[in-house]
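Trainee: Input structure: structure38.pdb, which contains PDB, C-alpha atoms, pLDDT in the B column.
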ATOM      1  CA  MET A 168      48.648  41.091  81.245  1.00 66.00           C
ATOM      2  CA  THR A 169      51.391  38.566  80.510  1.00 86.00           C
ATOM      3  CA  GLY A 170      53.760  38.699  77.562  1.00 97.00           C
ATOM      4  CA  ILE A 171      54.591  35.991  75.042  1.00 98.00           C
ATOM      5  CA  LEU A 172      57.869  35.258  76.860  1.00 98.00           C
ATOM      6  CA  ASP A 173      56.465  35.278  80.369  1.00 98.00           C
ATOM      7  CA  GLY A 174      58.633  33.087  82.573  1.00 97.00           C
ATOM      8  CA  LYS A 175      61.168  32.357  79.832  1.00 98.00           C
ATOM      9  CA  ARG A 176      64.926  32.516  80.477  1.00 98.00           C
ATOM     10  CA  ILE A 177      66.765  33.994  77.522  1.00 98.00           C
ATOM     11  CA  LEU A 178      70.468  34.488  76.761  1.00 98.00           C
ATOM     12  CA  VAL A 179      71.239  37.176  74.190  1.00 98.00           C
ATOM     13  CA  ALA A 180      74.825  36.592  73.096  1.00 98.00           C
ATOM     14  CA  GLY A 181      76.662  39.487  71.500  1.00 96.00           C
ATOM     15  CA  VAL A 182      75.277  42.764  72.887  1.00 96.00           C
ATOM     16  CA  THR A 183      77.605  45.733  72.555  1.00 91.00           C
ATOM     17  CA  MET A 184      75.823  49.009  71.832  1.00 92.00           C
ATOM     18  CA  ASP A 185      72.285  50.125  72.602  1.00 93.00           C
ATOM     19  CA  SER A 186      71.825  50.596  68.846  1.00 92.00           C
ATOM     20  CA  SER A 187      72.320  46.872  68.222  1.00 93.00           C
ATOM     21  CA  ILE A 188      69.697  44.291  67.312  1.00 96.00           C
ATOM     22  CA  GLY A 189      70.833  42.280  70.340  1.00 97.00           C
ATOM     23  CA  PHE A 190      70.074  45.159  72.692  1.00 97.00           C
ATOM     24  CA  ALA A 191      66.673  45.741  71.090  1.00 98.00           C
ATOM     25  CA  THR A 192      65.912  42.027  71.404  1.00 98.00           C
ATOM     26  CA  ALA A 193      66.868  42.015  75.088  1.00 98.00           C
ATOM     27  CA  LYS A 194      64.566  44.991  75.659  1.00 98.00           C
ATOM     28  CA  VAL A 195      61.561  43.477  73.889  1.00 98.00           C
ATOM     29  CA  ALA A 196      62.163  40.119  75.588  1.00 98.00           C
ATOM     30  CA  GLN A 197      62.086  41.780  78.999  1.00 98.00           C
ATOM     31  CA  GLU A 198      58.943  43.694  78.070  1.00 98.00           C
ATOM     32  CA  GLN A 199      57.388  40.354  77.101  1.00 98.00           C
ATOM     33  CA  GLY A 200      58.123  38.824  80.497  1.00 98.00           C
ATOM     34  CA  ALA A 201      61.485  37.097  80.028  1.00 98.00           C
ATOM     35  CA  THR A 202      64.419  36.970  82.394  1.00 98.00           C
ATOM     36  CA  VAL A 203      67.320  38.040  80.183  1.00 98.00           C
ATOM     37  CA  LEU A 204      71.071  37.498  80.364  1.00 98.00           C
ATOM     38  CA  ILE A 205      73.433  39.181  77.898  1.00 98.00           C
ATOM     39  CA  SER A 206      77.058  38.549  76.976  1.00 98.00           C
ATOM     40  CA  ASN A 207      80.160  40.000  75.400  1.00 97.00           C
ATOM     41  CA  PHE A 208      83.917  39.728  75.901  1.00 96.00           C
ATOM     42  CA  GLY A 209      87.227  41.554  75.848  1.00 95.00           C
ATOM     43  CA  ARG A 210      87.344  45.324  75.631  1.00 93.00           C
ATOM     44  CA  ALA A 211      83.683  45.477  74.613  1.00 94.00           C
ATOM     45  CA  LEU A 212      82.586  43.843  77.874  1.00 96.00           C
ATOM     46  CA  GLY A 213      82.887  47.107  79.777  1.00 96.00           C
ATOM     47  CA  ILE A 214      80.667  48.853  77.235  1.00 96.00           C
ATOM     48  CA  THR A 215      78.113  46.058  77.522  1.00 97.00           C
ATOM     49  CA  ARG A 216      78.023  46.409  81.302  1.00 97.00           C
ATOM     50  CA  ARG A 217      77.348  50.124  80.979  1.00 97.00           C
ATOM     51  CA  ILE A 218      74.594  49.881  78.389  1.00 97.00           C
ATOM     52  CA  ALA A 219      72.963  47.017  80.313  1.00 98.00           C
ATOM     53  CA  LYS A 220      71.777  49.663  82.772  1.00 98.00           C
ATOM     54  CA  ARG A 221      69.653  51.187  79.992  1.00 98.00           C
ATOM     55  CA  LEU A 222      67.435  48.120  79.713  1.00 98.00           C
ATOM     56  CA  PRO A 223      64.103  48.041  81.603  1.00 98.00           C
ATOM     57  CA  VAL A 224      65.688  45.603  84.088  1.00 98.00           C
ATOM     58  CA  GLU A 225      69.472  45.497  84.383  1.00 98.00           C
ATOM     59  CA  PRO A 226      70.426  41.969  83.270  1.00 98.00           C
ATOM     60  CA  ALA A 227      73.332  39.811  84.304  1.00 98.00           C
ATOM     61  CA  VAL A 228      76.267  40.286  81.932  1.00 98.00           C
ATOM     62  CA  LEU A 229      78.336  37.201  81.127  1.00 98.00           C
ATOM     63  CA  GLU A 230      81.803  37.060  79.610  1.00 98.00           C
ATOM     64  CA  LEU A 231      81.659  34.901  76.494  1.00 98.00           C
ATOM     65  CA  ASP A 232      83.995  34.689  73.532  1.00 98.00           C
ATOM     66  CA  VAL A 233      82.373  32.121  71.244  1.00 97.00           C
ATOM     67  CA  THR A 234      85.766  31.263  69.724  1.00 97.00           C
ATOM     68  CA  ASP A 235      87.261  30.397  73.139  1.00 98.00           C
ATOM     69  CA  SER A 236      86.784  26.757  74.106  1.00 98.00           C
ATOM     70  CA  ASP A 237      87.272  27.533  77.809  1.00 98.00           C
ATOM     71  CA  HIS A 238      84.560  30.195  77.711  1.00 98.00           C
ATOM     72  CA  LEU A 239      82.191  27.782  75.992  1.00 98.00           C
ATOM     73  CA  ALA A 240      82.968  25.001  78.462  1.00 98.00           C
ATOM     74  CA  GLY A 241      82.250  27.309  81.388  1.00 98.00           C
ATOM     75  CA  LEU A 242      79.138  28.935  79.955  1.00 98.00           C
ATOM     76  CA  ALA A 243      76.635  26.588  81.608  1.00 97.00           C
ATOM     77  CA  ASP A 244      78.118  27.274  85.033  1.00 98.00           C
ATOM     78  CA  GLN A 245      78.048  31.024  84.375  1.00 98.00           C
ATOM     79  CA  VAL A 246      74.382  30.858  83.379  1.00 98.00           C
ATOM     80  CA  ARG A 247      73.448  28.745  86.417  1.00 98.00           C
ATOM     81  CA  GLU A 248      74.781  31.472  88.707  1.00 98.00           C
ATOM     82  CA  HIS A 249      71.736  33.503  87.648  1.00 98.00           C
ATOM     83  CA  VAL A 250      69.035  31.116  86.352  1.00 98.00           C
ATOM     84  CA  ASP A 251      68.516  27.366  86.574  1.00 97.00           C
ATOM     85  CA  GLY A 252      68.318  26.844  82.814  1.00 98.00           C
ATOM     86  CA  LEU A 253      67.526  28.447  79.482  1.00 98.00           C
ATOM     87  CA  ASP A 254      64.467  28.465  77.263  1.00 98.00           C
ATOM     88  CA  GLY A 255      66.025  30.464  74.451  1.00 98.00           C
ATOM     89  CA  VAL A 256      69.312  31.681  73.014  1.00 98.00           C
ATOM     90  CA  VAL A 257      69.900  34.566  70.619  1.00 98.00           C
ATOM     91  CA  HIS A 258      73.016  34.529  68.442  1.00 98.00           C
ATOM     92  CA  SER A 259      73.752  38.185  67.642  1.00 97.00           C
ATOM     93  CA  ILE A 260      77.395  37.700  66.694  1.00 97.00           C
ATOM     94  CA  ALA A 261      79.310  38.397  63.485  1.00 95.00           C
ATOM     95  CA  TYR A 262      82.657  39.790  62.434  1.00 95.00           C
ATOM     96  CA  GLY A 263      84.606  40.261  59.234  1.00 94.00           C
ATOM     97  CA  ASN A 264      87.644  42.511  58.956  1.00 95.00           C
ATOM     98  CA  PRO A 265      86.307  45.535  57.022  1.00 92.00           C
ATOM     99  CA  GLU A 266      89.785  46.437  55.805  1.00 93.00           C
ATOM    100  CA  THR A 267      90.361  43.111  54.036  1.00 96.00           C
ATOM    101  CA  LEU A 268      86.998  41.391  53.463  1.00 95.00           C
ATOM    102  CA  LEU A 269      84.396  44.072  52.725  1.00 92.00           C
ATOM    103  CA  GLY A 270      83.815  46.992  50.394  1.00 90.00           C
ATOM    104  CA  GLY A 271      84.806  45.403  47.080  1.00 91.00           C
ATOM    105  CA  LYS A 272      87.721  43.330  48.342  1.00 92.00           C
ATOM    106  CA  PHE A 273      86.277  39.886  47.603  1.00 96.00           C
ATOM    107  CA  MET A 274      88.982  38.743  45.199  1.00 97.00           C
ATOM    108  CA  ASP A 275      91.743  39.808  47.573  1.00 96.00           C
ATOM    109  CA  GLY A 276      90.384  38.537  50.895  1.00 97.00           C
ATOM    110  CA  PRO A 277      93.137  36.562  52.660  1.00 98.00           C
ATOM    111  CA  TRP A 278      92.269  33.130  54.035  1.00 98.00           C
ATOM    112  CA  PRO A 279      93.204  33.837  57.686  1.00 98.00           C
ATOM    113  CA  ASP A 280      90.699  36.713  57.755  1.00 98.00           C
ATOM    114  CA  VAL A 281      88.078  34.661  55.903  1.00 98.00           C
ATOM    115  CA  ALA A 282      88.577  31.798  58.342  1.00 98.00           C
ATOM    116  CA  GLN A 283      88.083  34.173  61.266  1.00 98.00           C
ATOM    117  CA  ALA A 284      84.891  35.558  59.720  1.00 98.00           C
ATOM    118  CA  LEU A 285      83.508  32.060  59.184  1.00 98.00           C
ATOM    119  CA  GLN A 286      84.340  30.955  62.717  1.00 98.00           C
ATOM    120  CA  VAL A 287      82.936  34.045  64.439  1.00 98.00           C
ATOM    121  CA  SER A 288      79.895  34.523  62.214  1.00 98.00           C
ATOM    122  CA  ALA A 289      78.818  30.958  61.362  1.00 98.00           C
ATOM    123  CA  TYR A 290      80.605  28.169  63.219  1.00 98.00           C
ATOM    124  CA  SER A 291      79.909  29.993  66.480  1.00 98.00           C
ATOM    125  CA  LEU A 292      76.187  29.287  66.062  1.00 98.00           C
ATOM    126  CA  LYS A 293      76.978  25.590  66.399  1.00 98.00           C
ATOM    127  CA  SER A 294      79.419  26.298  69.248  1.00 98.00           C
ATOM    128  CA  LEU A 295      76.824  28.319  71.149  1.00 98.00           C
ATOM    129  CA  ALA A 296      74.112  25.739  70.519  1.00 98.00           C
ATOM    130  CA  ALA A 297      76.308  22.930  71.819  1.00 98.00           C
ATOM    131  CA  ALA A 298      77.306  24.911  74.913  1.00 98.00           C
ATOM    132  CA  THR A 299      73.713  25.780  75.818  1.00 98.00           C
ATOM    133  CA  GLN A 300      71.934  22.572  74.855  1.00 97.00           C
ATOM    134  CA  PRO A 301      72.360  21.029  78.342  1.00 96.00           C
ATOM    135  CA  LEU A 302      70.696  24.131  79.800  1.00 97.00           C
ATOM    136  CA  MET A 303      67.649  23.783  77.557  1.00 96.00           C
ATOM    137  CA  GLY A 304      66.888  20.156  78.216  1.00 85.00           C
ATOM    138  CA  ASP A 305      64.344  18.745  75.796  1.00 87.00           C
ATOM    139  CA  SER A 306      62.934  22.057  74.642  1.00 90.00           C
ATOM    140  CA  GLY A 307      64.145  25.471  73.639  1.00 97.00           C
ATOM    141  CA  SER A 308      64.579  27.926  70.812  1.00 98.00           C
ATOM    142  CA  ILE A 309      67.754  29.244  69.189  1.00 98.00           C
ATOM    143  CA  VAL A 310      67.485  32.320  66.969  1.00 99.00           C
ATOM    144  CA  GLY A 311      70.277  33.860  64.913  1.00 98.00           C
ATOM    145  CA  LEU A 312      70.513  36.957  62.742  1.00 98.00           C
ATOM    146  CA  THR A 313      71.399  36.989  59.072  1.00 97.00           C
ATOM    147  CA  PHE A 314      71.400  39.265  56.038  1.00 95.00           C
ATOM    148  CA  ASP A 315      69.808  37.366  53.146  1.00 95.00           C
ATOM    149  CA  ALA A 316      72.670  35.341  51.631  1.00 96.00           C
ATOM    150  CA  THR A 317      70.884  34.238  48.464  1.00 95.00           C
ATOM    151  CA  THR A 318      72.252  37.282  46.607  1.00 92.00           C
ATOM    152  CA  ALA A 319      75.711  38.743  46.033  1.00 93.00           C
ATOM    153  CA  TRP A 320      75.285  42.205  47.538  1.00 91.00           C
ATOM    154  CA  PRO A 321      77.363  45.295  46.813  1.00 88.00           C
ATOM    155  CA  ALA A 322      80.159  45.745  49.388  1.00 89.00           C
ATOM    156  CA  TYR A 323      79.177  42.737  51.549  1.00 92.00           C
ATOM    157  CA  ASP A 324      81.654  40.336  49.954  1.00 95.00           C
ATOM    158  CA  TRP A 325      83.090  37.712  52.369  1.00 97.00           C
ATOM    159  CA  MET A 326      80.562  38.567  55.051  1.00 95.00           C
ATOM    160  CA  GLY A 327      77.922  37.415  52.566  1.00 96.00           C
ATOM    161  CA  VAL A 328      79.746  34.098  52.332  1.00 98.00           C
ATOM    162  CA  ALA A 329      79.855  33.908  56.132  1.00 98.00           C
ATOM    163  CA  LYS A 330      76.109  34.558  56.314  1.00 98.00           C
ATOM    164  CA  ALA A 331      75.494  31.815  53.747  1.00 98.00           C
ATOM    165  CA  ALA A 332      77.456  29.476  56.007  1.00 98.00           C
ATOM    166  CA  LEU A 333      75.402  30.687  58.983  1.00 98.00           C
ATOM    167  CA  GLU A 334      72.169  29.913  57.156  1.00 98.00           C
ATOM    168  CA  SER A 335      73.345  26.422  56.278  1.00 98.00           C
ATOM    169  CA  THR A 336      74.567  25.864  59.842  1.00 98.00           C
ATOM    170  CA  SER A 337      71.127  26.794  61.153  1.00 98.00           C
ATOM    171  CA  ARG A 338      69.474  24.206  58.934  1.00 98.00           C
ATOM    172  CA  TYR A 339      71.816  21.438  60.115  1.00 98.00           C
ATOM    173  CA  LEU A 340      71.256  22.455  63.730  1.00 98.00           C
ATOM    174  CA  ALA A 341      67.513  22.301  63.115  1.00 98.00           C
ATOM    175  CA  ARG A 342      68.016  18.745  61.851  1.00 98.00           C
ATOM    176  CA  ASP A 343      70.192  17.574  64.722  1.00 98.00           C
ATOM    177  CA  LEU A 344      68.508  19.419  67.605  1.00 98.00           C
ATOM    178  CA  GLY A 345      64.929  18.842  66.494  1.00 98.00           C
ATOM    179  CA  PRO A 346      64.780  15.343  68.025  1.00 97.00           C
ATOM    180  CA  HIS A 347      65.671  17.009  71.343  1.00 97.00           C
ATOM    181  CA  GLY A 348      62.782  19.445  71.011  1.00 97.00           C
ATOM    182  CA  ILE A 349      65.051  22.414  70.258  1.00 98.00           C
ATOM    183  CA  ARG A 350      64.214  24.704  67.345  1.00 98.00           C
ATOM    184  CA  CYS A 351      66.761  26.757  65.377  1.00 98.00           C
ATOM    185  CA  ASN A 352      65.697  29.634  63.142  1.00 98.00           C
ATOM    186  CA  LEU A 353      67.110  32.833  61.699  1.00 98.00           C
ATOM    187  CA  VAL A 354      65.769  36.336  61.173  1.00 98.00           C
ATOM    188  CA  ALA A 355      66.962  38.107  58.022  1.00 98.00           C
ATOM    189  CA  ALA A 356      66.779  41.832  58.682  1.00 96.00           C
ATOM    190  CA  GLY A 357      67.080  44.596  56.153  1.00 93.00           C
ATOM    191  CA  PRO A 358      70.024  47.022  56.471  1.00 91.00           C
ATOM    192  CA  LEU A 359      70.066  48.640  59.908  1.00 90.00           C
ATOM    193  CA  ARG A 360      72.442  51.320  61.112  1.00 81.00           C
ATOM    194  CA  THR A 361      74.172  49.285  63.756  1.00 74.00           C
ATOM    195  CA  LEU A 362      77.808  49.510  64.792  1.00 66.00           C
ATOM    196  CA  ALA A 363      78.599  46.502  62.599  1.00 67.00           C
ATOM    197  CA  ALA A 364      76.882  48.050  59.573  1.00 67.00           C
ATOM    198  CA  LYS A 365      78.797  51.304  59.910  1.00 69.00           C
ATOM    199  CA  ALA A 366      82.032  49.346  59.527  1.00 69.00           C
ATOM    200  CA  ILE A 367      81.038  48.139  56.041  1.00 72.00           C
ATOM    201  CA  PRO A 368      82.477  50.333  53.268  1.00 69.00           C
ATOM    202  CA  GLY A 369      79.709  51.106  50.800  1.00 70.00           C
ATOM    203  CA  PHE A 370      76.895  50.188  53.194  1.00 72.00           C
ATOM    204  CA  GLY A 371      75.006  53.260  52.021  1.00 74.00           C
ATOM    205  CA  ASP A 372      74.488  51.578  48.644  1.00 73.00           C
ATOM    206  CA  LEU A 373      72.428  48.866  50.346  1.00 76.00           C
ATOM    207  CA  GLU A 374      70.395  51.397  52.294  1.00 77.00           C
ATOM    208  CA  GLU A 375      69.573  53.269  49.096  1.00 81.00           C
ATOM    209  CA  MET A 376      68.156  50.127  47.495  1.00 86.00           C
ATOM    210  CA  TRP A 377      65.723  49.622  50.382  1.00 88.00           C
ATOM    211  CA  THR A 378      64.364  53.173  50.212  1.00 85.00           C
ATOM    212  CA  THR A 379      62.947  52.582  46.752  1.00 88.00           C
ATOM    213  CA  ARG A 380      62.078  48.872  46.706  1.00 91.00           C
ATOM    214  CA  ALA A 381      60.727  47.768  50.106  1.00 94.00           C
ATOM    215  CA  PRO A 382      56.915  47.608  49.711  1.00 95.00           C
ATOM    216  CA  LEU A 383      56.321  48.427  53.371  1.00 96.00           C
ATOM    217  CA  GLY A 384      59.056  51.020  53.441  1.00 94.00           C
ATOM    218  CA  TRP A 385      62.129  50.661  55.617  1.00 93.00           C
ATOM    219  CA  ASP A 386      63.445  52.613  58.610  1.00 93.00           C
ATOM    220  CA  ASN A 387      67.116  51.746  58.948  1.00 91.00           C
ATOM    221  CA  THR A 388      67.252  53.210  62.451  1.00 91.00           C
ATOM    222  CA  ASP A 389      64.442  51.078  63.900  1.00 95.00           C
ATOM    223  CA  GLN A 390      65.588  47.736  65.330  1.00 96.00           C
ATOM    224  CA  ASP A 391      62.246  47.050  67.015  1.00 97.00           C
ATOM    225  CA  PRO A 392      60.547  45.098  64.175  1.00 98.00           C
ATOM    226  CA  THR A 393      63.529  42.759  63.954  1.00 98.00           C
ATOM    227  CA  ALA A 394      63.649  42.339  67.728  1.00 98.00           C
ATOM    228  CA  ARG A 395      59.945  41.508  67.794  1.00 98.00           C
ATOM    229  CA  ALA A 396      60.415  38.797  65.179  1.00 98.00           C
ATOM    230  CA  VAL A 397      63.271  37.274  67.179  1.00 98.00           C
ATOM    231  CA  CYS A 398      61.122  37.260  70.309  1.00 98.00           C
ATOM    232  CA  ALA A 399      58.210  35.686  68.444  1.00 98.00           C
ATOM    233  CA  LEU A 400      60.486  32.821  67.380  1.00 98.00           C
ATOM    234  CA  LEU A 401      61.707  32.462  70.958  1.00 98.00           C
ATOM    235  CA  SER A 402      58.135  32.149  72.158  1.00 98.00           C
ATOM    236  CA  ASP A 403      55.757  29.191  72.080  1.00 97.00           C
ATOM    237  CA  PHE A 404      53.874  30.650  69.102  1.00 97.00           C
ATOM    238  CA  PHE A 405      56.082  28.763  66.587  1.00 97.00           C
ATOM    239  CA  PRO A 406      56.183  25.270  68.116  1.00 96.00           C
ATOM    240  CA  ALA A 407      56.573  23.447  64.783  1.00 97.00           C
ATOM    241  CA  THR A 408      58.854  25.888  62.963  1.00 98.00           C
ATOM    242  CA  THR A 409      62.564  25.148  62.636  1.00 98.00           C
ATOM    243  CA  GLY A 410      65.233  25.581  59.985  1.00 98.00           C
ATOM    244  CA  GLU A 411      63.377  28.680  58.832  1.00 98.00           C
ATOM    245  CA  ILE A 412      64.553  32.160  57.810  1.00 98.00           C
ATOM    246  CA  VAL A 413      62.019  34.876  58.612  1.00 98.00           C
ATOM    247  CA  HIS A 414      62.539  38.075  56.618  1.00 98.00           C
ATOM    248  CA  VAL A 415      62.049  41.380  58.398  1.00 98.00           C
ATOM    249  CA  ASP A 416      62.990  43.686  55.546  1.00 96.00           C
ATOM    250  CA  GLY A 417      59.857  45.603  54.586  1.00 97.00           C
ATOM    251  CA  GLY A 418      59.190  42.990  51.890  1.00 97.00           C
ATOM    252  CA  PHE A 419      62.324  43.820  49.885  1.00 95.00           C
ATOM    253  CA  HIS A 420      63.237  40.153  49.376  1.00 95.00           C
ATOM    254  CA  ALA A 421      59.953  39.506  47.560  1.00 95.00           C
ATOM    255  CA  THR A 422      60.319  42.245  44.951  1.00 92.00           C
ATOM    256  CA  GLY A 423      62.076  42.273  41.595  1.00 81.00           C
ATOM    257  CA  ALA A 424      64.221  45.016  40.097  1.00 69.00           C
TER     258      ALA A 424
END
Represent the structure from my file as structure tokens, please.
Mentor:
Amino acid sequence: MTGILDGKRILVAGVTMDSSIGFATAKVAQEQGATVLISNFGRALGITRRIAKRLPVEPAVLELDVTDSDHLAGLADQVREHVDGLDGVVHSIAYGNPETLLGGKFMDGPWPDVAQALQVSAYSLKSLAAATQPLMGDSGSIVGLTFDATTAWPAYDWMGVAKAALESTSRYLARDLGPHGIRCNLVAAGPLRTLAAKAIPGFGDLEEMWTTRAPLGWDNTDQDPTARAVCALLSDFFPATTGEIVHVDGGFHATGA
């Protein structure tokens, strides 16, 4: 029995821990028949190489800092050392300094830290898309991860602004890459206990909201539903969907107070 990604070549950018959405996506993608490559950079690269062994098939691990122009320029060559092209790219990358930008510090967030958050969390989607477009030819799917930016959440502060920029970036990429046959969509997950989430002061307040208001309920330790949605968007089952944000949040976004 073949999976929905059978024969696909997928790059999951930004895999650090095995508790991450990126790791879960790589796992589901492999289970659905894809050849998967993962990436990270700097001190985290060693961790990524270790946890890569926990996937069903140990994937190639690439070094990629999406804010480094040399890394981006060399990405296609790195990918071609392992596969002859890409059918999909997952952007699982975000960063905002928790000491200056999160946990009620919105009015005090300094511009250099805000600029870094915007570059890493939003502009990098465009950077990654541009670097991988030649590998995808006239078809492909790019999927990023967001946390619904239509609301001002407790504690999320400047990362909420960065996610709003990410969502807008995805729509513009959908516009500009669509004529090349490349789709760009986002998955908006509910609060999950990932490494990034643990760094957010007051994150527990968000989790508490989901326990009472998500119609389907919400397990903040289960990345699998989100990973499945990402893989569905990477597949050929959404050939005419682009610029979309798919919510995987137990239905929280659709409920009132």
Trainee: Near A:Ala193, within 10 Å and counting all atoms listed in the file, which residues show up once chain neighbours fewer than 5 positions away are dropped, as a PyMOL selection string?
Mentor: chain A and resi 177-180+182+188+198-199+201-205+219+222-224+226+257+394+397-398
Trainee: Measure the distance from atom CA of A:Pro346 to atom CA of A:Asp403 in Å and round it to one decimal.
Mentor: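 These two atoms are separated by 17.0 Å.
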Trainee: Need to verify the contact set: A:Ser291, 7 Å, all atoms listed in the file, exclusion of same-chain residues closer than 5 positions in sequence. Can you return it as a PDB file with C-alpha atoms, keeping the file's coordinate frame?
Mentor:
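Wrote part-v6.pdb, looks like this:
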ATOM      1  CA  VAL A 233      82.373  32.121  71.244  1.00 97.00           C
ATOM      2  CA  THR A 234      85.766  31.263  69.724  1.00 97.00           C
ATOM      3  CA  GLN A 286      84.340  30.955  62.717  1.00 98.00           C
TER       4      GLN A 286
END
Trainee: So what does the PyMOL selection byres ((chain A and resi 399) around 12) actually pick up in this one, as a ChimeraX atom specification?
Mentor: /A:170-172,192,195-196,199,255,257,308-310,352-354,392-398,400-406,408,413
Trainee: Counting only C-alpha atoms, find residues at most 7 Å from (68.3, 37.7, 55.4) (file frame) and give them as a PyMOL selection string.
Mentor: chain A and resi 313-316+354-356+414
Trainee: Expand the PyMOL selection byres ((chain A and resi 208) around 12) into the explicit residue set it covers here, and present it as number ranges by chain.
Mentor: A: 180-183, 205-207, 209-216, 228-235, 238, 260
Trainee: Applied to this file, what does the PyMOL selection byres ((chain A and resi 271) around 9) return in terms of residues, put as an MDAnalysis selection string?
Mentor: chainID A and resid 268:270 272:275 321:324 368:369
Trainee: Rounded to one decimal in Å, what is the spacing between atom CA of A:Thr379 and atom CA of A:Thr422?
Mentor: 10.8 Å
Trainee: Counting all atoms listed in the file, figure out which residue out of A:Val281, A:Ala421, A:Leu292, A:Ile367 gets nearest to A:Leu340.
Mentor: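 Distance minimum relative to A:Leu340 lands on A:Leu292.
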Trainee: Pick out the closest residue to A:Pro301 from this set: A:Ala407, A:Met326, A:Ala243, A:Met376. Count all atoms listed in the file.
Mentor: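 Between A:Ala407, A:Met326, A:Ala243, A:Met376, the residue approaching A:Pro301 most closely is A:Ala243.
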Trainee: Leaving out A:Leu253 and any residue of its chain fewer than 6 positions from it, which residues lie within 9 Å of it when counting only C-alpha atoms, given as number ranges by chain?
Mentor: A: 175-178, 246, 299-304, 307
Trainee: Could you please take those selected residues and save C-alpha atoms as a short mmCIF file (atom, residue, chain, number, x, y, z; two decimals), keeping the file's coordinate frame?
Mentor:
data_model
loop_
_atom_site.label_atom_id
_atom_site.label_comp_id
_atom_site.auth_asym_id
_atom_site.auth_seq_id
_atom_site.Cartn_x
_atom_site.Cartn_y
_atom_site.Cartn_z
CA LYS A 175 61.17 32.36 79.83
CA ARG A 176 64.93 32.52 80.48
CA ILE A 177 66.76 33.99 77.52
CA LEU A 178 70.47 34.49 76.76
CA VAL A 246 74.38 30.86 83.38
CA THR A 299 73.71 25.78 75.82
CA GLN A 300 71.93 22.57 74.86
CA PRO A 301 72.36 21.03 78.34
CA LEU A 302 70.70 24.13 79.80
CA MET A 303 67.65 23.78 77.56
CA GLY A 304 66.89 20.16 78.22
CA GLY A 307 64.14 25.47 73.64
#
Trainee: In Å, with one decimal, what is the gap from atom CA of A:Glu374 to atom CA of A:Gly418?
Mentor: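 Going from atom CA of A:Glu374 over to atom CA of A:Gly418 covers 14.0 Å.
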Trainee: Name all residues at most 8 Å from A:Asp280 (count all atoms listed in the file; drop same-chain ones fewer than 5 positions away) and give them as a compact mmCIF listing (two decimals) with C-alpha atoms, in the frame of the given file.
Mentor:
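Saved the output as result_29.txt:
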# COMPACT_ATOMS: atom_id res chain seq x y z
CA GLY A 263 84.61 40.26 59.23
CA ASN A 264 87.64 42.51 58.96
CA THR A 267 90.36 43.11 54.04
CA LEU A 268 87.00 41.39 53.46
Trainee: Which residue gives the smallest distance to A:Ala261 among A:Ala332, A:Ala240, A:Ala298, A:Leu285, with only C-alpha atoms counted?
Mentor: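 Residue with the minimum atom-to-atom distance to A:Ala261: A:Leu285.
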Trainee: For each of A:Leu242, A:Ala191, A:Ile349, A:Pro358, take the minimum atom-to-atom distance to A:Phe370, counting all atoms listed in the file, then give the residue where this is smallest.
Mentor: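 Going through A:Leu242, A:Ala191, A:Ile349, A:Pro358 one by one, the smallest distance to A:Phe370 is for A:Pro358.
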Trainee: In terms of the shortest atom-to-atom distance over all atoms listed in the file, which of A:Gly345, A:Phe190, A:Gly423, A:Gly252 is closest to A:Gly174?
Mentor: A:Gly252
Trainee: Can you tell me, as a PDB file with C-alpha atoms, in the coordinates of the input, what residues are no more than 7 Å from A:Gly410 when counting all atoms listed in the file, ignoring any on the same chain fewer than 4 positions away?
Mentor:
ATOM      1  CA  SER A 337      71.127  26.794  61.153  1.00 98.00           C
ATOM      2  CA  ARG A 338      69.474  24.206  58.934  1.00 98.00           C
ATOM      3  CA  ALA A 341      67.513  22.301  63.115  1.00 98.00           C
ATOM      4  CA  CYS A 351      66.761  26.757  65.377  1.00 98.00           C
ATOM      5  CA  ASN A 352      65.697  29.634  63.142  1.00 98.00           C
TER       6      ASN A 352
END
Trainee: Name the closest residue to A:Gly311 among the candidates A:Asp251, A:Glu411, A:Glu225, A:Asp391; distances are taken between atoms, counting all atoms listed in the file.
Mentor: A:Glu411
Trainee: Taking the partial coordinates given, rebuild stretch 288-295 of chain A to contain N, CA and C atoms; return it as a compact mmCIF listing (two decimals), keeping the file's coordinate frame.
Mentor:
# COMPACT_ATOMS: atom_id res chain seq x y z
N SER A 288 81.23 34.20 62.71
CA SER A 288 79.90 34.52 62.21
C SER A 288 79.01 33.31 61.96
N ALA A 289 79.61 32.13 61.73
CA ALA A 289 78.82 30.96 61.36
C ALA A 289 79.06 29.77 62.28
N TYR A 290 80.30 29.33 62.37
CA TYR A 290 80.60 28.17 63.22
C TYR A 290 80.20 28.41 64.67
N SER A 291 80.25 29.67 65.09
CA SER A 291 79.91 29.99 66.48
C SER A 291 78.46 29.70 66.80
N LEU A 292 77.58 29.66 65.79
CA LEU A 292 76.19 29.29 66.06
C LEU A 292 76.13 27.86 66.57
N LYS A 293 76.90 26.98 65.93
CA LYS A 293 76.98 25.59 66.40
C LYS A 293 77.63 25.53 67.77
N SER A 294 78.71 26.29 67.96
CA SER A 294 79.42 26.30 69.25
C SER A 294 78.49 26.73 70.38
N LEU A 295 77.74 27.80 70.13
CA LEU A 295 76.82 28.32 71.15
C LEU A 295 75.69 27.33 71.41
